[in-house]
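Asks: mmCIF, C-alpha atoms, saved as model_16.cif, coming up:
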data_run
#
loop_
_atom_site.label_atom_id
_atom_site.label_comp_id
_atom_site.auth_asym_id
_atom_site.auth_seq_id
_atom_site.Cartn_x
_atom_site.Cartn_y
_atom_site.Cartn_z
CA MET A 1 29.40 -15.26 30.29
CA ASN A 2 32.67 -14.60 32.13
CA ASP A 3 35.95 -16.46 31.67
CA ASP A 4 35.22 -19.12 34.28
CA GLU A 5 31.75 -19.78 32.94
CA LEU A 6 33.12 -19.92 29.43
CA MET A 7 35.74 -22.49 30.40
CA ARG A 8 33.23 -24.50 32.43
CA THR A 9 30.77 -24.56 29.55
CA ALA A 10 33.56 -25.43 27.10
CA ALA A 11 34.59 -28.37 29.28
CA GLN A 12 31.02 -29.65 29.05
CA LEU A 13 30.91 -29.57 25.26
CA LYS A 14 30.70 -33.01 23.69
CA LYS A 15 34.11 -34.60 23.32
CA ALA A 16 32.95 -37.80 21.72
CA ILE A 17 31.08 -37.25 18.47
CA ARG A 18 29.93 -40.21 16.45
CA PRO A 19 30.77 -39.85 12.74
CA GLU A 20 27.80 -39.95 10.41
CA ARG A 21 29.19 -43.03 8.67
CA ASP A 22 31.35 -45.93 9.75
CA LEU A 23 34.93 -45.04 8.86
CA TRP A 24 36.33 -48.48 9.59
CA GLN A 25 35.76 -49.79 6.06
CA GLY A 26 38.22 -47.28 4.54
CA ILE A 27 40.75 -47.85 7.32
CA SER A 28 40.44 -51.61 6.97
CA GLU A 29 41.10 -51.43 3.24
CA ALA A 30 44.08 -49.12 3.71
CA ILE A 31 45.78 -51.27 6.33
CA ALA A 32 45.11 -54.46 4.39
CA GLU A 33 47.44 -53.26 1.63
CA PRO A 34 51.04 -54.18 2.26
CA ALA A 35 53.13 -51.17 3.14
CA PRO A 36 55.11 -49.89 0.16
CA ARG A 37 58.52 -51.52 0.22
CA ARG A 38 61.39 -49.17 0.55
CA TRP A 39 64.90 -50.07 -0.40
CA SER A 40 66.74 -50.39 2.86
CA PRO A 41 69.99 -48.45 3.02
CA LEU A 42 71.80 -51.72 3.81
CA PHE A 43 70.40 -53.32 0.68
CA VAL A 44 71.36 -50.29 -1.39
CA GLN A 45 74.88 -50.42 0.01
CA ALA A 46 75.13 -54.14 -0.69
CA ALA A 47 73.88 -53.57 -4.24
CA ALA A 48 76.43 -50.79 -4.72
CA VAL A 49 79.24 -53.07 -3.54
CA VAL A 50 78.11 -55.86 -5.88
CA LEU A 51 77.92 -53.41 -8.77
CA LEU A 52 81.35 -52.01 -7.98
CA ILE A 53 82.90 -55.47 -7.74
CA GLY A 54 81.13 -56.54 -10.94
CA ALA A 55 82.24 -53.48 -12.86
CA SER A 56 85.78 -53.77 -11.53
CA SER A 57 85.94 -57.47 -12.41
CA GLY A 58 84.59 -56.71 -15.87
CA VAL A 59 87.20 -54.06 -16.53
CA THR A 60 89.97 -56.35 -15.23
CA TYR A 61 88.74 -59.22 -17.40
CA MET A 62 88.62 -57.04 -20.50
CA THR A 63 92.08 -55.66 -19.77
CA MET A 64 93.56 -59.12 -19.25
CA LYS A 65 91.80 -60.46 -22.33
CA GLU A 66 93.30 -57.81 -24.53
CA ASN A 67 96.75 -58.29 -22.96
CA ALA A 68 96.90 -54.62 -22.42
CA PRO A 69 99.84 -53.42 -20.36
CA SER A 70 98.79 -53.03 -16.74
CA ALA A 71 98.33 -49.49 -15.65
CA VAL A 72 100.04 -48.22 -12.53
CA VAL A 73 98.19 -45.51 -10.73
CA THR A 74 100.16 -43.21 -8.52
CA THR A 75 99.16 -39.98 -6.88
CA PRO A 76 101.09 -37.03 -8.27
CA ASP A 77 102.81 -36.27 -5.01
CA MET A 78 103.92 -39.87 -4.35
CA ILE A 79 107.49 -40.25 -5.53
CA PHE A 80 108.95 -43.71 -5.68
CA GLU A 81 112.48 -43.85 -6.84
CA GLN A 82 114.91 -46.67 -7.06
CA ALA A 83 116.66 -46.93 -3.72
CA SER A 84 120.21 -48.13 -3.41
CA PHE A 85 121.31 -50.12 -0.42
CA GLY A 86 124.32 -49.94 1.74
CA ASN A 87 125.54 -49.05 5.16
CA ARG A 88 123.09 -46.13 5.63
CA TYR A 89 119.98 -44.58 4.19
CA ASN A 90 120.88 -44.38 0.55
CA LEU A 91 117.77 -43.05 -1.13
CA GLY A 92 117.35 -41.19 -4.38
CA PRO A 93 117.17 -37.37 -3.98
CA GLY A 94 113.45 -37.13 -4.87
CA PHE A 95 112.53 -39.82 -2.40
CA GLN A 96 114.64 -38.27 0.33
CA ASP A 97 113.22 -34.78 -0.31
CA ALA A 98 109.63 -36.03 -0.08
CA ARG A 99 110.45 -37.87 3.12
CA ASP A 100 112.17 -34.87 4.68
CA LEU A 101 109.22 -32.64 3.78
CA LEU A 102 106.77 -35.02 5.37
CA VAL A 103 108.87 -35.42 8.48
CA ALA A 104 109.12 -31.63 8.82
CA ASP A 105 105.34 -31.28 8.38
CA LEU A 106 104.71 -34.00 10.89
CA GLU A 107 107.01 -32.43 13.43
CA VAL A 108 105.04 -29.20 13.22
CA GLU A 109 101.78 -31.08 13.65
CA LEU A 110 103.17 -33.17 16.50
CA GLU A 111 103.94 -30.02 18.44
CA ARG A 112 100.22 -29.31 18.60
CA LEU A 113 99.26 -32.74 19.93
CA SER A 114 99.07 -33.88 23.50
CA PRO A 115 102.31 -35.34 24.95
CA GLU A 116 100.75 -38.83 25.17
CA THR A 117 99.70 -38.89 21.51
CA ARG A 118 103.04 -37.47 20.43
CA THR A 119 104.87 -40.15 22.38
CA THR A 120 102.77 -42.91 20.77
CA ILE A 121 103.47 -41.64 17.25
CA GLU A 122 107.17 -41.11 17.90
CA THR A 123 107.50 -44.60 19.44
CA ASN A 124 105.95 -46.15 16.33
CA LEU A 125 108.21 -44.19 14.01
CA THR A 126 111.25 -45.15 16.08
CA LEU A 127 110.29 -48.83 15.76
CA MET A 128 109.98 -48.45 12.01
CA HIS A 129 113.34 -46.70 11.75
CA ALA A 130 114.91 -49.42 13.87
CA ALA A 131 113.57 -52.08 11.47
CA ILE A 132 114.95 -50.14 8.48
CA ASN A 133 118.35 -49.83 10.17
CA GLU A 134 118.41 -53.55 10.90
CA MET A 135 117.64 -54.36 7.26
CA ASN A 136 120.35 -51.97 6.12
CA SER A 137 122.82 -53.68 8.45
CA ALA A 138 121.81 -57.09 7.13
CA LEU A 139 122.29 -55.87 3.57
CA GLU A 140 125.81 -54.74 4.42
CA ALA A 141 126.63 -58.36 5.08
CA ASP A 142 124.65 -59.66 2.12
CA PRO A 143 124.27 -56.84 -0.46
CA GLU A 144 122.90 -59.11 -3.18
CA ASN A 145 120.05 -60.50 -1.09
CA THR A 146 117.02 -59.57 -3.24
CA VAL A 147 114.49 -60.57 -0.55
CA LEU A 148 116.04 -58.12 1.90
CA GLN A 149 116.26 -55.48 -0.81
CA GLY A 150 112.55 -55.89 -1.57
CA ARG A 151 111.62 -55.70 2.11
CA LEU A 152 113.70 -52.61 2.68
CA LEU A 153 112.18 -50.88 -0.31
CA ARG A 154 108.71 -51.76 0.97
CA ALA A 155 109.64 -50.42 4.42
CA TYR A 156 110.70 -47.08 2.90
CA ARG A 157 107.43 -46.82 1.01
CA GLU A 158 105.40 -47.71 4.08
CA GLU A 159 107.25 -45.14 6.13
CA LEU A 160 106.49 -42.48 3.52
CA ALA A 161 102.81 -43.44 3.39
CA LEU A 162 102.64 -43.55 7.19
CA LEU A 163 104.17 -40.09 7.50
CA ARG A 164 101.67 -38.73 5.02
CA ARG A 165 98.71 -40.39 6.78
CA MET A 166 99.80 -39.19 10.19
CA GLY A 167 100.24 -35.67 8.93
CA GLU A 168 96.71 -35.72 7.52
CA LEU A 169 95.29 -37.28 10.66
CA THR A 170 96.87 -34.81 13.01
CA ARG A 171 95.64 -31.94 10.86
CA ASN A 172 92.11 -33.34 10.97
CA VAL A 173 92.29 -33.80 14.72
CA MET A 174 93.34 -30.22 15.12
CA LEU A 175 90.52 -29.03 12.88
CA ARG A 176 88.00 -30.85 15.06
CA ASN A 177 89.53 -29.46 18.22
CA ASP A 178 89.51 -25.99 16.77
CA ILE A 179 85.75 -26.29 16.21
CA MET B 180 9.99 -49.97 62.33
CA PRO B 181 10.58 -46.62 64.15
CA VAL B 182 11.30 -43.68 61.91
CA ASP B 183 14.90 -43.17 63.18
CA THR B 184 15.74 -46.83 62.72
CA GLU B 185 14.24 -46.73 59.26
CA LYS B 186 16.31 -43.65 58.35
CA ARG B 187 19.51 -45.27 59.64
CA ALA B 188 18.77 -48.47 57.72
CA LEU B 189 18.11 -46.45 54.57
CA ALA B 190 21.29 -44.45 55.08
CA ALA B 191 23.29 -47.65 55.59
CA LEU B 192 21.72 -49.14 52.50
CA LEU B 193 22.55 -46.04 50.46
CA THR B 194 26.12 -45.97 51.77
CA SER B 195 26.55 -49.63 50.96
CA ALA B 196 25.00 -49.19 47.53
CA SER B 197 27.18 -46.18 46.86
CA SER B 198 30.26 -48.09 47.95
CA ASP B 199 29.30 -51.06 45.79
CA TYR B 200 28.70 -48.70 42.86
CA SER B 201 32.11 -47.05 43.31
CA ARG B 202 33.80 -50.45 43.55
CA SER B 203 31.98 -51.75 40.49
CA MET B 204 32.83 -48.61 38.49
CA ALA B 205 36.47 -48.89 39.52
CA THR B 206 36.40 -52.54 38.41
CA VAL B 207 34.84 -51.56 35.08
CA SER B 208 37.47 -48.88 34.59
CA THR B 209 40.31 -51.29 35.46
CA ASN B 210 38.84 -53.93 33.16
CA VAL B 211 38.61 -51.42 30.30
CA GLN B 212 42.26 -50.42 30.82
CA THR B 213 43.35 -54.04 31.03
CA ASP B 214 41.31 -54.90 27.95
CA GLU B 215 42.80 -51.92 26.10
CA ARG B 216 46.34 -52.97 26.97
CA ALA B 217 45.59 -56.48 25.77
CA LEU B 218 44.09 -55.12 22.57
CA ILE B 219 47.12 -52.92 21.97
CA ARG B 220 49.47 -55.90 22.44
CA GLN B 221 47.38 -57.98 20.04
CA ALA B 222 47.19 -55.16 17.49
CA GLN B 223 50.97 -54.74 17.75
CA ARG B 224 51.16 -58.36 16.60
CA SER B 225 49.23 -57.27 13.46
CA ASP B 226 45.85 -58.45 14.76
CA LYS B 227 43.41 -56.33 12.75
CA ARG B 228 40.40 -57.41 14.80
CA ALA B 229 42.06 -56.10 17.94
CA PHE B 230 42.84 -52.86 16.11
CA GLU B 231 39.22 -52.59 15.03
CA ALA B 232 38.19 -52.93 18.68
CA LEU B 233 40.59 -50.09 19.53
CA TYR B 234 39.07 -48.08 16.70
CA ARG B 235 35.56 -48.66 18.10
CA LEU B 236 36.75 -47.56 21.55
CA HIS B 237 38.36 -44.33 20.37
CA ILE B 238 36.80 -43.21 17.10
CA ASP B 239 34.22 -40.87 18.64
CA LYS B 240 36.78 -38.77 20.49
CA VAL B 241 39.25 -38.81 17.62
CA TYR B 242 36.51 -37.75 15.22
CA GLY B 243 35.37 -35.13 17.74
CA ILE B 244 38.83 -33.54 17.81
CA CYS B 245 39.06 -33.65 14.02
CA LEU B 246 35.59 -32.16 13.57
CA ARG B 247 36.09 -29.37 16.08
CA MET B 248 39.49 -28.51 14.63
CA THR B 249 38.55 -28.63 10.94
CA GLY B 250 34.92 -27.53 11.25
CA ASN B 251 34.11 -29.71 8.27
CA VAL B 252 32.50 -33.17 8.30
CA SER B 253 34.24 -34.46 5.20
CA GLU B 254 37.67 -33.20 6.31
CA ALA B 255 37.11 -34.58 9.78
CA GLU B 256 36.25 -38.01 8.39
CA ASP B 257 39.36 -38.03 6.25
CA CYS B 258 41.54 -36.88 9.16
CA ALA B 259 40.12 -39.49 11.52
CA GLN B 260 40.68 -42.23 8.95
CA GLU B 261 44.19 -41.03 8.27
CA ALA B 262 44.90 -40.90 12.00
CA PHE B 263 43.92 -44.54 12.49
CA ILE B 264 45.90 -45.63 9.43
CA GLN B 265 48.95 -43.78 10.80
CA ALA B 266 48.33 -45.31 14.21
CA TRP B 267 48.33 -48.79 12.68
CA ASN B 268 51.59 -48.08 10.84
CA GLN B 269 53.24 -46.66 13.97
CA LEU B 270 51.74 -49.04 16.51
CA GLN B 271 55.08 -50.77 17.12
CA LYS B 272 56.44 -47.46 18.37
CA PHE B 273 53.78 -47.12 21.06
CA ARG B 274 55.49 -48.03 24.33
CA GLY B 275 52.78 -46.92 26.75
CA ASP B 276 54.69 -43.88 27.99
CA SER B 277 51.45 -41.91 27.64
CA ALA B 278 47.84 -43.05 27.53
CA PHE B 279 46.89 -44.69 24.26
CA SER B 280 44.18 -42.06 23.77
CA THR B 281 46.73 -39.23 24.15
CA TRP B 282 49.03 -40.94 21.66
CA LEU B 283 46.14 -41.37 19.25
CA HIS B 284 44.94 -37.78 19.68
CA ARG B 285 48.44 -36.52 18.97
CA ILE B 286 48.41 -38.43 15.67
CA ALA B 287 44.94 -37.06 14.89
CA VAL B 288 46.07 -33.48 15.56
CA ASN B 289 49.08 -34.04 13.28
CA SER B 290 46.78 -35.36 10.61
CA VAL B 291 44.55 -32.28 10.90
CA LEU B 292 47.50 -29.90 10.82
CA GLY B 293 49.00 -31.65 7.80
CA ARG B 294 45.71 -31.51 5.96
CA MET B 295 45.19 -27.87 6.88
CA ARG B 296 48.60 -26.97 5.52
CA LYS B 297 47.89 -28.83 2.29
CA SER B 298 44.49 -27.25 1.76
CA LYS B 299 45.44 -23.77 2.93
CA ARG B 300 46.04 -22.44 -0.55
CA GLU B 301 42.79 -23.89 -1.75
CA GLN B 302 40.93 -22.40 1.22
CA ASP B 303 42.54 -19.02 0.65
CA ARG B 304 41.40 -19.12 -2.95
CA ILE B 305 37.83 -19.94 -1.95
CA MET B 306 37.79 -17.23 0.69
CA ALA B 307 39.08 -14.72 -1.85
CA VAL B 308 36.15 -15.50 -4.14
CA GLY B 309 33.71 -14.62 -1.42
CA GLU B 310 32.89 -15.17 2.21
CA MET B 311 30.98 -18.38 2.41
CA ASP B 312 28.63 -19.20 5.25
CA ARG B 313 29.79 -22.40 6.81
CA PRO B 314 27.03 -24.83 7.64
CA ALA B 315 26.39 -25.23 11.35
CA LEU B 316 28.58 -27.86 12.91
CA GLU B 317 26.70 -30.99 13.91
CA THR B 318 28.31 -31.78 17.23
CA GLY B 319 25.23 -32.87 19.11
CA ASP B 320 25.46 -29.98 21.59
CA SER B 321 22.22 -28.23 22.48
CA GLY B 322 21.10 -24.84 23.75
CA GLU B 323 23.78 -22.56 25.16
CA MET B 324 26.44 -25.14 24.41
CA ARG B 325 25.42 -25.29 20.78
CA ASP B 326 25.94 -21.53 20.53
CA LEU B 327 29.38 -21.84 22.10
CA SER B 328 30.21 -24.75 19.82
CA GLU B 329 29.35 -22.69 16.75
CA ALA B 330 31.26 -19.70 18.09
CA VAL B 331 34.34 -21.92 18.57
CA ASP B 332 33.97 -23.06 14.98
CA ARG B 333 34.18 -19.45 13.81
CA LEU B 334 37.44 -18.77 15.68
CA PRO B 335 40.63 -18.24 13.65
CA GLU B 336 42.60 -21.46 13.21
CA GLY B 337 45.34 -20.92 15.81
CA ALA B 338 42.98 -19.79 18.56
CA ARG B 339 40.47 -22.52 17.69
CA ASN B 340 43.04 -25.32 17.85
CA VAL B 341 44.27 -24.27 21.28
CA PHE B 342 40.74 -23.74 22.60
CA VAL B 343 39.62 -27.17 21.38
CA LEU B 344 42.57 -29.03 22.89
CA HIS B 345 42.86 -27.08 26.14
CA ALA B 346 39.33 -25.93 27.01
CA ILE B 347 37.28 -28.76 25.53
CA TYR B 348 39.57 -31.81 25.65
CA GLY B 349 41.38 -30.77 28.82
CA TYR B 350 44.97 -30.95 27.63
CA SER B 351 47.45 -28.72 29.45
CA HIS B 352 49.08 -25.84 27.62
CA GLU B 353 52.31 -27.87 27.52
CA GLU B 354 50.52 -30.83 25.93
CA ALA B 355 48.51 -28.67 23.55
CA GLY B 356 51.64 -26.76 22.57
CA GLU B 357 53.52 -29.98 21.93
CA MET B 358 50.69 -31.40 19.84
CA LEU B 359 50.37 -28.22 17.80
CA GLY B 360 54.08 -27.57 17.50
CA ILE B 361 53.90 -24.23 19.28
CA ALA B 362 55.43 -22.88 22.48
CA THR B 363 53.53 -23.11 25.75
CA GLY B 364 53.42 -19.31 25.92
CA THR B 365 51.92 -19.16 22.43
CA SER B 366 49.27 -21.65 23.50
CA LYS B 367 48.36 -19.43 26.45
CA ALA B 368 48.27 -16.34 24.24
CA GLN B 369 46.03 -18.10 21.72
CA LEU B 370 43.67 -19.18 24.50
CA HIS B 371 43.45 -15.59 25.72
CA ARG B 372 42.69 -14.46 22.19
CA ALA B 373 40.09 -17.19 21.80
CA LYS B 374 38.34 -16.16 25.01
CA LEU B 375 38.15 -12.53 23.91
CA LEU B 376 36.77 -13.43 20.49
CA LEU B 377 34.27 -15.88 21.96
CA ALA B 378 33.09 -13.31 24.49
CA GLN B 379 32.53 -10.83 21.65
CA GLN B 380 30.64 -13.37 19.59
CA LEU B 381 28.50 -14.55 22.46
CA LYS B 382 27.71 -10.96 23.47
CA GLN B 383 26.46 -10.31 19.95
CA GLN B 384 24.22 -13.31 20.31
CA GLY B 385 22.73 -11.97 23.52
CA PHE B 386 24.87 -13.63 26.16
CA GLU B 387 25.66 -10.84 28.60
CA PRO B 388 28.79 -11.22 30.73
#
Kindly return the structure encoded in the file as structure tokens.
Replies:
Amino acid sequence: MNDDELMRTAAQLKKAIRPERDLWQGISEAIAEPAPRRWSPLFVQAAAVVLLIGASSGVTYMTMKENAPSAVVTTPDMIFEQASFGNRYNLGPGFQDARDLLVADLEVELERLSPETRTTIETNLTLMHAAINEMNSALEADPENTVLQGRLLRAYREELALLRRMGELTRNVMLRNDI
Amino acid sequence: MPVDTEKRALAALLTSASSDYSRSMATVSTNVQTDERALIRQAQRSDKRAFEALYRLHIDKVYGICLRMTGNVSEAEDCAQEAFIQAWNQLQKFRGDSAFSTWLHRIAVNSVLGRMRKSKREQDRIMAVGEMDRPALETGDSGEMRDLSEAVDRLPEGARNVFVLHAIYGYSHEEAGEMLGIATGTSKAQLHRAKLLLAQQLKQQGFEP
């Protein structure tokens, strides 16, 4: 039997073979059972959120109940110092050092970004600095205004946090581009 | 009636009958396809009776593939059952991109391969104890074809799987390769190997090339 004959004969072999017993019964029973329920990822996430909120609320309740002093969590490298107000940036030395370091880091990172992205970031920082300058000017006229003092302090903190975030973001962007 | 006229009348009758037969067969084929599509749609809406009808339409070929690939009645029954259970569970995913039979056969082949992987250690252990004569495969083939059928059953797994899908069930090397999770070139190589081994076996049985 040559190759062609072999293939011709093979093509004539029975393709449909009736099983010796009816297999439907077993199939029917298997598909009648409800499929095993799996926890959907969404449900698991929702459950995790509920648990987290519950646990957090519980801890808060217990803390409040015991009149324990509230804990302030700060990251080790976040330095918040009392700022003084006047006719110019008048920050404590630690605060100013941290800010200068972040600005220097950011400037290095900005050099590696596209001109468009750099412009967007610099425009936003300029706006923030302008707002800080305006508040400083307002405080010159009304140095005892506690609302303005609070806002200015918050603006300094936000600027610091923003500088840190942007530095991290630009580093991450560069890592992705490097890949 | 003169003989020529009679012949022409007979020829016309035969032509007409043949044409009618072709038309009726085409209608039957179209009806079967339409019915199958309707059954699939119903089964996709969890209609078990429609799925049973699909099972009745396809079980013989699915079982045939399983039996020729496993070479074992009990394994083939399990594989065929598993294939239909999988098909039911995945029916929503069937979009009609391929024929329903092809889709079903792919599931059956997967079922066979999965079962073979699971039982491989057990088989190896049995084979190590001693070569066991496998009972002749009851495929319903007779004569020369029965000999070929039994020779196919004795092929090594890889060569047998390709030979069954390509040479018996008519799938292309691309399709067979995809079903078996092997490259098209590997499928061709396995077919070549299968042909050589079959030729040797058949020669031993007295079939001269």
Asks: Counting all atoms listed in the file, which residues from chain A have an atom at most 12 Å from any atom of chain B, and could you show them as a tab-separated table (two decimals) with C-alpha atoms, keeping the file's coordinate frame?
Replies:
chain	number	residue	atom	x	y	z
A	1	MET	CA	29.40	-15.26	30.29
A	2	ASN	CA	32.67	-14.60	32.13
A	3	ASP	CA	35.95	-16.46	31.67
A	4	ASP	CA	35.22	-19.12	34.28
A	5	GLU	CA	31.75	-19.78	32.94
A	6	LEU	CA	33.12	-19.92	29.43
A	7	MET	CA	35.74	-22.49	30.40
A	8	ARG	CA	33.23	-24.50	32.43
A	9	THR	CA	30.77	-24.56	29.55
A	10	ALA	CA	33.56	-25.43	27.10
A	11	ALA	CA	34.59	-28.37	29.28
A	12	GLN	CA	31.02	-29.65	29.05
A	13	LEU	CA	30.91	-29.57	25.26
A	14	LYS	CA	30.70	-33.01	23.69
A	15	LYS	CA	34.11	-34.60	23.32
A	16	ALA	CA	32.95	-37.80	21.72
A	17	ILE	CA	31.08	-37.25	18.47
A	18	ARG	CA	29.93	-40.21	16.45
A	19	PRO	CA	30.77	-39.85	12.74
A	20	GLU	CA	27.80	-39.95	10.41
A	21	ARG	CA	29.19	-43.03	8.67
A	22	ASP	CA	31.35	-45.93	9.75
A	23	LEU	CA	34.93	-45.04	8.86
A	24	TRP	CA	36.33	-48.48	9.59
A	25	GLN	CA	35.76	-49.79	6.06
A	26	GLY	CA	38.22	-47.28	4.54
A	27	ILE	CA	40.75	-47.85	7.32
A	28	SER	CA	40.44	-51.61	6.97
A	29	GLU	CA	41.10	-51.43	3.24
A	30	ALA	CA	44.08	-49.12	3.71
A	31	ILE	CA	45.78	-51.27	6.33
A	32	ALA	CA	45.11	-54.46	4.39
A	33	GLU	CA	47.44	-53.26	1.63
A	34	PRO	CA	51.04	-54.18	2.26
A	35	ALA	CA	53.13	-51.17	3.14
A	36	PRO	CA	55.11	-49.89	0.16
Asks: Work out how far atom CA of Leu110 of chain A is from atom CA of Asn136 of chain A, in Å to one decimal.
Replies: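 Spanning atom CA of Asn136 of chain A to atom CA of Leu110 of chain A is a straight-line distance of 27.5 Å.
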Asks: Select, from A:Leu160, A:Leu113, A:Leu152, A:Leu127, the residue with the minimum atom-to-atom distance to Gln96 of chain A, counting all atoms listed in the file.
Replies: A:Leu160
Asks: Just the residues within 10 Å of Glu357 of chain B, please, counting all atoms listed in the file, with nothing from its chain fewer than 5 positions along; format it as a list in words.
Replies: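 Once the adjacent positions are removed, what remains is Arg285, Ser351, His352, Ala362, Thr363 and Ser366 of chain B.
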Asks: Quote the spacing between atom CA of Val291 of chain B and atom CA of Cys258 of chain B in Å to one decimal place.
Replies: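 Here the two named atoms are 5.8 Å from each other.
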Asks: Care to translate the PyMOL selection byres ((chain A and resi 125) around 12) into actual residues of this file, as an MDAnalysis selection string?
Replies: chainID A and resid 103 106:107 118:124 126:132 155:156 158:163 166
Asks: Between atom CA of Leu101 of chain A and atom CA of Gly150 of chain A, what distance in Å does the model show, to one decimal?
Replies: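 These atoms are spaced 24.1 Å apart.
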Asks: In terms of the shortest atom-to-atom distance over all atoms listed in the file, which of B:Ala229, B:Met358, B:Leu376, B:Met295 is closest to Leu283 of chain B?
Replies: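 Of the candidates, the smallest distance to Leu283 of chain B is held by B:Met358.
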Asks: When you count all atoms listed in the file, which of these residues is closest to Ile361 of chain B: B:Gly337, B:Leu233, B:Asp214, B:Ala373?
Replies: B:Gly337
